[in-house]
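These notes concern the structure reproduced below.
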Amino acid sequence: MFGKLSLSVIPFDQPLIMGAVAMMILGGIAVVGGLTYFGRWKWLWTEYLTSVDHKKIGIMYLVVAFIMLLRGFADALMMRSHLALSYGANHGYLPPHHYDQVFTAHGVIMIFFVAMPFVVGLMNVVVPLQIGARDVAFPFLNSISLWLNVVGVVLVNMSLFIGEFAKTGWTAYPPLSELGFSPDVGVDYYIWALQIAGIGTLLTGVNFFVTIIRMRAPGMKLMDMPIFCWNALCTNILILASFPILTVTLALLALDRYLGMHFFTNELGGEPMLYVNLFWAWGHPEVYILVLPAFGVFSEVTPTFSGKRMFGYNSMVWATIAITFLSFIVWLHHFFTMGAGGNVNAFFGIATMIIAIPTGVKIFTWLFTMFRGRVRFKTPILWTVGFIVTFSIGGMTGVLLAMPGADFLLHNSLFLIAHFHNVIIGGALFGYLAGFTYWFPKMFGFTLNEKLGKTAFWCWLVGFYVAFMPLYMLGFLGMTRRLNHYDNPLWHTWLIVAAAGTGIVAIGIGFQLLQLLLSVKDHAKNRDVTGDPWDGRTLEWATSSPPPFYNFAEVPVIHGRDAFTEMKEKGAAPKKNVTYHDIHMPRNTAMGLFIGAFSLGLGFALIWHIWWLAAVSLIGAFVSLLVRMFDQDVDYYVPAAEIALIEQQHAKLSRGRQ
């Protein structure tokens, strides 16, 4: 009845795992207790869990990203501290099978369940506001996307204490991921967590592509859009083109494991390198899905805190388009060593070097924007400056790896790990943290503690260099990735230094948590009543903080770039004596949450071969979707009088602060 599920799959004999599970359970009890004590269950249900407001959905994505950042970083801390200890006669504190799960979970979590929720969360909060829309094109689809991503998060965390996670590395290459070499459920957790969350991300791509193409404010041409919106548009084009590849790849691997097929095995005509090609045909565009939105954040932060227009707007747009196209013809540099031949390797090596050109254009554009500007060194611009230096180093090491001859020596070494983290942390994550700080007052109505924010930044920056620069040296010294023990005395000191760097980053994360705590505590004195705390240039700053649920009482008419700056210069914001009209808005619905819950049941059932639960969950998700499709009461009109009252209150608060 319960398939492969039994009490024996719970690792009661592993104190480290059970301790982590106990902490998760205690944290859950604390949250439930707090919501009950303060009587906030109804508020949580109506304001967030059933909301289709793009801003609320974006905030929930960001909450998921921060929670999983803590989980993924805990894995990194364990790996680095274990390797610092696991030298010679000492074998560290993680058993080999547990260590293998930790490094796999770390990669999966950081890519799929930290970076992707950050990307989609920031797009949700910002894009409709920047283009002058009242919501995304498909609000209900947006809710489904969120909850499908949450299902992936839950499944990954379930694997910690019910069964185990994959021991294959985050790429899950066959034959290691095939049933013969991984007969446990770890790879199945991997497949279904990524498959369900990936479908949610694909739906997001559809939603935001349509939103940006079809819902821009009157007068806003494509070449008038804020750069963040351009980067979001190209990101969603990448999602639409690449995520179906991942969906098919995982489906083929599942068929191998569940039905005994041989797509990726040597028997009966299968080919493991087919999986590798398919995975990276998705995987390298995925790198730019993560990085392009961060580039967009820097393109908003830099003009705002430099007090001038973006230098080279057209160059920035075309550089983004070039990266979008080129990202599809560089995937083979991930496996130059497979023996494809000199001509193939040369083509992909040259393509990889070429993609550095539009990236360099972007960096010089940001530098020229700051040149002769009155740069205000607030926390968001610090993340930007830190990014420019750190990402440039990552880019240069990437060009080195683009040469097949050098890659033959450095492939699968810690040099590669250092390069990848140089790009993803120094590029993508720094951008997300800059965007979170920059748009935090827009989301919540008050600014973050600036002193603690700067302290966190410096800990992150210093910690990053201390943690990852030694990995470059270890790569040159011949240390390969995924080792859990070593005897080489030349490596030991460098690994101790890397572990210390991880500790400094941990201190930075601690300061960020303290920043959030104290900022919430002092929110009254840090309240943003103007809606424009940074003297912003784009339309999101034309609304109150946080914006009303309808975003704009009147859809703005756009006459050029930097629309809000133009409004302020002409004295057109805010308008007075406006005649408001009723606004059409979507109703909240719990069906996205229900579909997510049934998808969780489906994923769990497929992992453990509980076929009756899989059937019930699939039917439940389908029925929930049908109920929503035939529901006629899915929207309503906001009365003009209510809009006038909300706008008058905002205007009164704004005048009071002035």
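Letters for chains follow the order of the structure tokens (A, B, ...), residue numbers begin at 1 for each chain, and ligand numbers begin at 1 in the order shown.
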Counting only C-alpha atoms, which residues of stretch 168-188 of chain A fall within 9 Å of stretch 275-299 of chain A, and what is the closest atom pair for each with its distance in Å at one decimal, ordered by chain and rising number, as a Markdown table?
```
| residue | atom | partner | partner_atom | distance |
| --- | --- | --- | --- | --- |
| A:Thr171 | CA | A:Phe279 | CA | 7.6 |
| A:Tyr173 | CA | A:Val276 | CA | 6.7 |
| A:Pro174 | CA | A:Tyr275 | CA | 7.2 |
```
Export, as a PDB file, in the first residue's frame, the selected residues with N, CA, C and O atoms.
```pdb
ATOM      1  N   THR A 171      24.235  17.717 -11.450  1.00  0.00           N
ATOM      2  CA  THR A 171      23.928  17.456 -12.857  1.00  0.00           C
ATOM      3  C   THR A 171      23.341  16.065 -13.090  1.00  0.00           C
ATOM      4  O   THR A 171      22.773  15.808 -14.149  1.00  0.00           O
ATOM      5  N   TYR A 173      24.522  13.036 -13.848  1.00  0.00           N
ATOM      6  CA  TYR A 173      24.937  12.354 -15.077  1.00  0.00           C
ATOM      7  C   TYR A 173      24.674  10.847 -14.998  1.00  0.00           C
ATOM      8  O   TYR A 173      24.979  10.210 -13.992  1.00  0.00           O
ATOM      9  N   PRO A 174      24.139  10.254 -16.068  1.00  0.00           N
ATOM     10  CA  PRO A 174      24.178   8.783 -16.198  1.00  0.00           C
ATOM     11  C   PRO A 174      25.633   8.379 -16.495  1.00  0.00           C
ATOM     12  O   PRO A 174      26.408   9.183 -17.032  1.00  0.00           O
TER      13      PRO A 174
END
```
Please run DSSP on the backbone and report, as a PDB file with N, CA and C atoms, in the first residue's frame, all residues within stretch 417-568 of chain A that come out as strand (DSSP E or B).
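Result file follows (part29.pdb):
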```
ATOM      1  N   PHE A 446       9.098  50.571   4.145  1.00  0.00           N
ATOM      2  CA  PHE A 446      10.141  51.167   4.984  1.00  0.00           C
ATOM      3  C   PHE A 446      11.499  50.684   4.500  1.00  0.00           C
ATOM      4  N   THR A 480      40.657  17.754  -7.443  1.00  0.00           N
ATOM      5  CA  THR A 480      39.402  17.630  -8.168  1.00  0.00           C
ATOM      6  C   THR A 480      38.227  17.898  -7.236  1.00  0.00           C
ATOM      7  N   TYR A 486      41.532  13.591   1.694  1.00  0.00           N
ATOM      8  CA  TYR A 486      42.754  13.795   0.910  1.00  0.00           C
ATOM      9  C   TYR A 486      43.970  13.610   1.817  1.00  0.00           C
ATOM     10  N   ARG A 527       9.902  54.642   7.817  1.00  0.00           N
ATOM     11  CA  ARG A 527       8.817  54.492   6.859  1.00  0.00           C
ATOM     12  C   ARG A 527       9.024  55.375   5.634  1.00  0.00           C
TER      13      ARG A 527
END
```
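Contact shell of A:Val21 at 12 Å (only C-alpha atoms; same-chain neighbours under 2 positions omitted): Ile10, Pro11, Phe12, Gln14, Pro15, Leu16, Ile17, Met18, Gly19, Met23, Met24, Ile25, Leu26, Gly27, Gly28, Arg71, Asn157, Met158, Ser159, Leu160, Phe161 and Ile162 of chain A.
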In stretch 38-205 of chain A, what's alpha helix (DSSP H) per DSSP? Answer as a VMD selection string? chain A and resid 41 to 44 54 to 85 96 to 108 116 to 130 139 to 158 186 to 205
With only C-alpha atoms as the counted atoms, please give the residues lying no more than 12 Å from A:Val126, apart from itself and same-chain residues fewer than 6 positions off, as a PyMOL selection string. chain A and resi 54-59+119-120+132-136+208+212+226-229+232+293+296-297+300+435-436+438-440+442-443+538-541+543+546-547+551
Å distance separating atom CA of A:Leu514 from atom CA of A:Tyr61, one decimal place: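 It comes out at 20.6 Å.
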Which polymer residues have any atom within 9 Å of an atom of A:Ser315, counting only C-alpha atoms, with same-chain residues fewer than 3 positions away left out, as an mmCIF file with N, CA and C atoms, in the first residue's frame?
```cif
data_model
loop_
_atom_site.group_PDB
_atom_site.id
_atom_site.type_symbol
_atom_site.label_atom_id
_atom_site.label_comp_id
_atom_site.auth_asym_id
_atom_site.auth_seq_id
_atom_site.Cartn_x
_atom_site.Cartn_y
_atom_site.Cartn_z
ATOM 1 N N PHE A 311 24.052 55.438 -19.334
ATOM 2 C CA PHE A 311 24.920 55.667 -20.490
ATOM 3 C C PHE A 311 24.745 54.502 -21.469
ATOM 4 N N GLY A 312 24.588 54.797 -22.733
ATOM 5 C CA GLY A 312 24.567 53.761 -23.764
ATOM 6 C C GLY A 312 23.398 52.803 -23.641
ATOM 7 N N TRP A 318 21.148 45.909 -26.887
ATOM 8 C CA TRP A 318 21.652 44.987 -27.908
ATOM 9 C C TRP A 318 22.659 43.992 -27.323
ATOM 10 N N ALA A 319 23.392 44.412 -26.301
ATOM 11 C CA ALA A 319 24.284 43.466 -25.624
ATOM 12 C C ALA A 319 23.470 42.367 -24.952
ATOM 13 N N THR A 320 22.342 42.726 -24.353
ATOM 14 C CA THR A 320 21.467 41.741 -23.718
ATOM 15 C C THR A 320 20.907 40.772 -24.749
ATOM 16 N N PRO A 358 29.720 41.121 -25.343
ATOM 17 C CA PRO A 358 28.575 41.902 -24.861
ATOM 18 C C PRO A 358 28.539 42.032 -23.337
ATOM 19 N N VAL A 361 30.713 44.895 -22.653
ATOM 20 C CA VAL A 361 29.990 46.126 -22.993
ATOM 21 C C VAL A 361 29.143 46.583 -21.815
ATOM 22 N N LYS A 362 28.479 45.648 -21.168
ATOM 23 C CA LYS A 362 27.636 46.000 -20.023
ATOM 24 C C LYS A 362 28.462 46.600 -18.889
ATOM 25 N N THR A 365 29.488 50.024 -19.667
ATOM 26 C CA THR A 365 28.319 50.905 -19.637
ATOM 27 C C THR A 365 28.006 51.349 -18.208
#
```
Quick one: residues within 10 Å of A:Val520, only C-alpha atoms, excluding same-chain residues fewer than 6 positions away - as a ChimeraX atom specification? /A:444,446-449,514,526
Just the residues within 8 Å of stretch 383-388 of chain A, please, counting only C-alpha atoms, with nothing from its chain fewer than 3 positions along; format it as a ChimeraX atom specification. /A:298,301-302,363,379-380,391-392,426-427,430-431,433-434,457,461
